[in-house]
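Student: A single structure is presented below for examination.
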Amino acid sequence: MIVAGIGFRAQATTAALRAVLNAAQNAAPAGCNITALAVFAEKADSPALQALARDTNLTLHALTRDQIAQTPTPTQSPRIQTLFATGSLAEALALTAAGPGARLITPRHTSPDGTATAALAESLTP
């Protein structure tokens with residue numbers, strides 16, 4: 001299973017989410033196919049996110065602050081550390097949703113307009 005963790009601001013558009021998801025996918029090794037999206041639970045109802053999930057036909061995993069807190073990530077943002085107790089929201093979402101022992105395939109990417117981030121993680125269990 002390959003999970004795309006997506007963090008985004010309230011004003012992010014479907015186009016921004018799609019662009020950052022594509023950037024993460026393009027940075028992944030050939031043959032890596034995203035099977036699910038992981039997002040912060042409080043933003044799971046975002047119309048832009050719902051449109052992306054519908055367009056890509058990917059399952060959404062909505063994770064809480066408690067579920068992602070203390071997840072070690074290679075990217076370290078002081079602002080995200082203060083808000084979520086982890087260094088990168090996108091990386092923590094992807095790693096947590098992919099399950100124990102998951103590994104990042106791509107670190108955090110940022111959309112061209114700066115409103116969204118995405119990272120990919122691979123589950124080590126079938």
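The way I read the labels, and the way they are meant: chains A, B, ... in the order of the structure tokens, residue 1 as the first residue of every chain, and ligand 1 as the first ligand shown, with later ones counted on from there.
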Can you pull out every residue within 9 Å of Thr13 of chain A, counting only C-alpha atoms, but drop anything in the same chain fewer than 4 positions away, and send it as a ChimeraX atom specification?

Tutor: /A:17-18,47-49,115-116

Student: Got time to write the residues from that selection, C-alpha atoms, as a PDB file, in the first residue's frame?

Tutor:
```
ATOM      1  CA  LEU A  17      -4.064  19.437  -4.237  1.00  0.00           C
ATOM      2  CA  ARG A  18      -3.844  17.677  -7.594  1.00  0.00           C
ATOM      3  CA  PRO A  47     -14.806  20.305  -0.917  1.00  0.00           C
ATOM      4  CA  ALA A  48     -11.412  20.508  -2.664  1.00  0.00           C
ATOM      5  CA  LEU A  49     -10.230  17.329  -0.965  1.00  0.00           C
ATOM      6  CA  THR A 115      -1.275  25.980   0.011  1.00  0.00           C
ATOM      7  CA  ALA A 116      -0.706  22.208   0.057  1.00  0.00           C
TER       8      ALA A 116
END
```

Student: Looking only at alpha helix (DSSP H) from DSSP on the backbone, list the matching residues of segment 8-70 of chain A as number ranges by chain.

Tutor: A: 14-27, 47-56, 65-68

Student: Would you mind exporting the chosen residues as an mmCIF file, in the first residue's frame, restricted to N, CA and C atoms?

Tutor:
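So the final result, stored in out.cif, reads:
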```cif
data_model
loop_
_atom_site.group_PDB
_atom_site.id
_atom_site.type_symbol
_atom_site.label_atom_id
_atom_site.label_comp_id
_atom_site.auth_asym_id
_atom_site.auth_seq_id
_atom_site.Cartn_x
_atom_site.Cartn_y
_atom_site.Cartn_z
ATOM 1 N N THR A 14 -8.739 22.376 -5.462
ATOM 2 C CA THR A 14 -8.544 21.025 -5.977
ATOM 3 C C THR A 14 -7.331 21.003 -6.904
ATOM 4 N N ALA A 15 -7.145 22.054 -7.688
ATOM 5 C CA ALA A 15 -5.996 22.124 -8.597
ATOM 6 C C ALA A 15 -4.672 22.102 -7.827
ATOM 7 N N ALA A 16 -4.611 22.814 -6.707
ATOM 8 C CA ALA A 16 -3.389 22.812 -5.890
ATOM 9 C C ALA A 16 -3.142 21.428 -5.290
ATOM 10 N N LEU A 17 -4.200 20.789 -4.800
ATOM 11 C CA LEU A 17 -4.064 19.437 -4.237
ATOM 12 C C LEU A 17 -3.620 18.454 -5.320
ATOM 13 N N ARG A 18 -4.215 18.565 -6.490
ATOM 14 C CA ARG A 18 -3.844 17.677 -7.594
ATOM 15 C C ARG A 18 -2.389 17.914 -8.002
ATOM 16 N N ALA A 19 -1.960 19.172 -8.058
ATOM 17 C CA ALA A 19 -0.588 19.498 -8.456
ATOM 18 C C ALA A 19 0.427 18.919 -7.480
ATOM 19 N N VAL A 20 0.166 19.051 -6.192
ATOM 20 C CA VAL A 20 1.130 18.540 -5.216
ATOM 21 C C VAL A 20 1.117 17.008 -5.186
ATOM 22 N N LEU A 21 -0.037 16.408 -5.379
ATOM 23 C CA LEU A 21 -0.105 14.948 -5.452
ATOM 24 C C LEU A 21 0.679 14.446 -6.665
ATOM 25 N N ASN A 22 0.528 15.126 -7.800
ATOM 26 C CA ASN A 22 1.273 14.761 -9.004
ATOM 27 C C ASN A 22 2.776 14.934 -8.809
ATOM 28 N N ALA A 23 3.182 15.995 -8.125
ATOM 29 C CA ALA A 23 4.605 16.223 -7.871
ATOM 30 C C ALA A 23 5.196 15.099 -7.029
ATOM 31 N N ALA A 24 4.475 14.692 -6.007
ATOM 32 C CA ALA A 24 4.949 13.588 -5.165
ATOM 33 C C ALA A 24 5.007 12.291 -5.966
ATOM 34 N N GLN A 25 3.973 12.036 -6.754
ATOM 35 C CA GLN A 25 3.939 10.815 -7.580
ATOM 36 C C GLN A 25 5.089 10.817 -8.586
ATOM 37 N N ASN A 26 5.357 11.955 -9.197
ATOM 38 C CA ASN A 26 6.432 12.045 -10.186
ATOM 39 C C ASN A 26 7.814 11.859 -9.571
ATOM 40 N N ALA A 27 7.956 12.155 -8.286
ATOM 41 C CA ALA A 27 9.237 11.994 -7.603
ATOM 42 C C ALA A 27 9.453 10.559 -7.105
ATOM 43 N N PRO A 47 -14.331 20.561 0.445
ATOM 44 C CA PRO A 47 -14.806 20.305 -0.917
ATOM 45 C C PRO A 47 -13.666 20.026 -1.900
ATOM 46 N N ALA A 48 -12.546 20.734 -1.764
ATOM 47 C CA ALA A 48 -11.412 20.508 -2.664
ATOM 48 C C ALA A 48 -10.852 19.105 -2.479
ATOM 49 N N LEU A 49 -10.729 18.678 -1.241
ATOM 50 C CA LEU A 49 -10.230 17.329 -0.965
ATOM 51 C C LEU A 49 -11.210 16.266 -1.433
ATOM 52 N N GLN A 50 -12.475 16.475 -1.171
ATOM 53 C CA GLN A 50 -13.484 15.503 -1.609
ATOM 54 C C GLN A 50 -13.474 15.370 -3.137
ATOM 55 N N ALA A 51 -13.283 16.477 -3.841
ATOM 56 C CA ALA A 51 -13.211 16.429 -5.303
ATOM 57 C C ALA A 51 -11.975 15.649 -5.753
ATOM 58 N N LEU A 52 -10.846 15.867 -5.080
ATOM 59 C CA LEU A 52 -9.634 15.127 -5.423
ATOM 60 C C LEU A 52 -9.836 13.627 -5.213
ATOM 61 N N ALA A 53 -10.403 13.252 -4.084
ATOM 62 C CA ALA A 53 -10.643 11.831 -3.792
ATOM 63 C C ALA A 53 -11.574 11.223 -4.841
ATOM 64 N N ARG A 54 -12.593 11.958 -5.200
ATOM 65 C CA ARG A 54 -13.542 11.491 -6.216
ATOM 66 C C ARG A 54 -12.852 11.338 -7.576
ATOM 67 N N ASP A 55 -12.067 12.359 -7.957
ATOM 68 C CA ASP A 55 -11.379 12.350 -9.258
ATOM 69 C C ASP A 55 -10.345 11.237 -9.365
ATOM 70 N N THR A 56 -9.685 10.928 -8.254
ATOM 71 C CA THR A 56 -8.617 9.923 -8.269
ATOM 72 C C THR A 56 -9.109 8.538 -7.862
ATOM 73 N N ARG A 65 -5.039 14.528 15.435
ATOM 74 C CA ARG A 65 -3.795 15.087 15.973
ATOM 75 C C ARG A 65 -3.110 14.062 16.874
ATOM 76 N N ASP A 66 -3.872 13.376 17.715
ATOM 77 C CA ASP A 66 -3.284 12.372 18.612
ATOM 78 C C ASP A 66 -2.656 11.217 17.842
ATOM 79 N N GLN A 67 -3.221 10.847 16.724
ATOM 80 C CA GLN A 67 -2.684 9.733 15.949
ATOM 81 C C GLN A 67 -1.347 10.065 15.287
ATOM 82 N N ILE A 68 -1.144 11.316 14.906
ATOM 83 C CA ILE A 68 0.090 11.667 14.201
ATOM 84 C C ILE A 68 1.146 12.304 15.101
#
```

Student: Compile the contact shell of segment 80-96 of chain A as a ChimeraX atom specification: residues with an atom at most 10 Å away, counting only C-alpha atoms, same-chain residues fewer than 4 positions apart removed.

Tutor: /A:2-8,36-40,61-76,100-110,116-123

Student: Can you spit out the residues from that selection as a compact mmCIF listing (two decimals), in the first residue's frame, using N, CA and C atoms?

Tutor:
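Dumped to out-v6.txt:
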```
# COMPACT_ATOMS: atom_id res chain seq x y z
N ILE A 2 0.56 2.18 -0.85
CA ILE A 2 1.27 3.46 -0.89
C ILE A 2 0.27 4.57 -0.59
N VAL A 3 0.57 5.31 0.46
CA VAL A 3 -0.33 6.35 0.95
C VAL A 3 0.28 7.72 0.69
N ALA A 4 -0.55 8.61 0.17
CA ALA A 4 -0.16 10.01 0.01
C ALA A 4 -0.73 10.78 1.20
N GLY A 5 0.15 11.32 2.02
CA GLY A 5 -0.27 12.21 3.09
C GLY A 5 -0.38 13.61 2.52
N ILE A 6 -1.51 14.26 2.76
CA ILE A 6 -1.73 15.59 2.20
C ILE A 6 -2.11 16.56 3.31
N GLY A 7 -1.31 17.60 3.44
CA GLY A 7 -1.63 18.70 4.35
C GLY A 7 -2.00 19.90 3.50
N PHE A 8 -2.95 20.68 3.96
CA PHE A 8 -3.35 21.83 3.15
C PHE A 8 -4.03 22.90 3.97
N ALA A 36 -4.08 5.23 -1.50
CA ALA A 36 -4.94 5.92 -0.53
C ALA A 36 -4.41 7.31 -0.24
N LEU A 37 -5.28 8.16 0.27
CA LEU A 37 -4.93 9.50 0.72
C LEU A 37 -5.11 9.56 2.23
N ALA A 38 -4.20 10.22 2.92
CA ALA A 38 -4.32 10.45 4.36
C ALA A 38 -4.36 11.95 4.60
N VAL A 39 -5.32 12.38 5.41
CA VAL A 39 -5.50 13.80 5.67
C VAL A 39 -5.80 14.02 7.15
N PHE A 40 -5.64 15.27 7.58
CA PHE A 40 -5.99 15.65 8.94
C PHE A 40 -7.52 15.60 9.07
N HIS A 61 -8.18 8.41 4.36
CA HIS A 61 -7.97 8.06 5.76
C HIS A 61 -7.87 9.37 6.52
N ALA A 62 -8.79 9.62 7.44
CA ALA A 62 -8.77 10.84 8.23
C ALA A 62 -8.15 10.54 9.58
N LEU A 63 -7.05 11.22 9.88
CA LEU A 63 -6.29 10.97 11.11
C LEU A 63 -6.37 12.17 12.04
N THR A 64 -6.36 11.89 13.31
CA THR A 64 -6.44 12.95 14.33
C THR A 64 -5.05 13.41 14.74
N ARG A 65 -5.04 14.53 15.43
CA ARG A 65 -3.80 15.09 15.97
C ARG A 65 -3.11 14.06 16.87
N ASP A 66 -3.87 13.38 17.72
CA ASP A 66 -3.28 12.37 18.61
C ASP A 66 -2.66 11.22 17.84
N GLN A 67 -3.22 10.85 16.72
CA GLN A 67 -2.68 9.73 15.95
C GLN A 67 -1.35 10.06 15.29
N ILE A 68 -1.14 11.32 14.91
CA ILE A 68 0.09 11.67 14.20
C ILE A 68 1.15 12.30 15.10
N ALA A 69 0.77 12.74 16.30
CA ALA A 69 1.71 13.39 17.20
C ALA A 69 2.90 12.48 17.48
N GLN A 70 4.06 13.07 17.53
CA GLN A 70 5.32 12.39 17.82
C GLN A 70 5.81 11.47 16.71
N THR A 71 5.18 11.51 15.53
CA THR A 71 5.68 10.73 14.40
C THR A 71 6.96 11.38 13.91
N PRO A 72 8.08 10.66 13.91
CA PRO A 72 9.33 11.25 13.43
C PRO A 72 9.29 11.46 11.91
N THR A 73 9.70 12.64 11.47
CA THR A 73 9.71 12.97 10.05
C THR A 73 11.04 13.62 9.69
N PRO A 74 11.54 13.38 8.47
CA PRO A 74 12.79 14.02 8.08
C PRO A 74 12.67 15.53 7.93
N THR A 75 11.51 16.01 7.49
CA THR A 75 11.30 17.45 7.35
C THR A 75 10.87 18.00 8.71
N GLN A 76 11.41 19.14 9.08
CA GLN A 76 11.09 19.74 10.37
C GLN A 76 10.65 21.19 10.19
N PRO A 100 2.54 0.54 10.93
CA PRO A 100 3.81 0.34 11.63
C PRO A 100 4.93 -0.08 10.67
N GLY A 101 6.09 0.53 10.86
CA GLY A 101 7.24 0.19 10.04
C GLY A 101 7.23 0.81 8.65
N ALA A 102 6.25 1.66 8.35
CA ALA A 102 6.18 2.28 7.02
C ALA A 102 7.42 3.13 6.79
N ARG A 103 7.73 3.33 5.52
CA ARG A 103 8.87 4.18 5.16
C ARG A 103 8.43 5.20 4.13
N LEU A 104 9.04 6.38 4.19
CA LEU A 104 8.75 7.41 3.20
C LEU A 104 9.36 7.04 1.86
N ILE A 105 8.59 7.22 0.82
CA ILE A 105 9.09 7.06 -0.55
C ILE A 105 9.54 8.40 -1.07
N THR A 106 8.76 9.44 -0.76
CA THR A 106 9.12 10.81 -1.12
C THR A 106 8.92 11.70 0.09
N PRO A 107 9.83 12.63 0.32
CA PRO A 107 9.59 13.60 1.40
C PRO A 107 8.52 14.59 0.96
N ARG A 108 8.25 15.51 1.81
CA ARG A 108 7.21 16.51 1.55
C ARG A 108 7.51 17.34 0.31
N HIS A 109 6.47 17.51 -0.52
CA HIS A 109 6.50 18.41 -1.67
C HIS A 109 5.48 19.50 -1.37
N THR A 110 5.69 20.68 -1.94
CA THR A 110 4.79 21.81 -1.73
C THR A 110 4.19 22.22 -3.06
N ALA A 116 -0.57 23.64 -0.21
CA ALA A 116 -0.71 22.21 0.06
C ALA A 116 0.65 21.51 0.03
N THR A 117 0.75 20.44 0.79
CA THR A 117 1.95 19.60 0.79
C THR A 117 1.52 18.15 0.64
N ALA A 118 2.43 17.33 0.12
CA ALA A 118 2.16 15.91 -0.02
C ALA A 118 3.46 15.13 0.13
N ALA A 119 3.35 13.95 0.72
CA ALA A 119 4.45 13.01 0.85
C ALA A 119 3.90 11.61 0.66
N LEU A 120 4.73 10.70 0.19
CA LEU A 120 4.29 9.32 -0.02
C LEU A 120 5.01 8.38 0.92
N ALA A 121 4.25 7.44 1.47
CA ALA A 121 4.83 6.40 2.34
C ALA A 121 4.34 5.04 1.88
N GLU A 122 5.21 4.05 2.09
CA GLU A 122 4.90 2.69 1.69
C GLU A 122 4.77 1.82 2.92
N SER A 123 3.70 1.03 2.92
CA SER A 123 3.48 0.06 4.00
C SER A 123 4.44 -1.10 3.81
```

Student: Report, in Å to a single decimal, how far apart atom CA of Leu60 of chain A and atom CA of Ala98 of chain A are.

Tutor: 12.1 Å

Student: Atom CA of Asn33 of chain A and atom CA of Asn57 of chain A, how far apart in Å?

Tutor: 12.4 Å
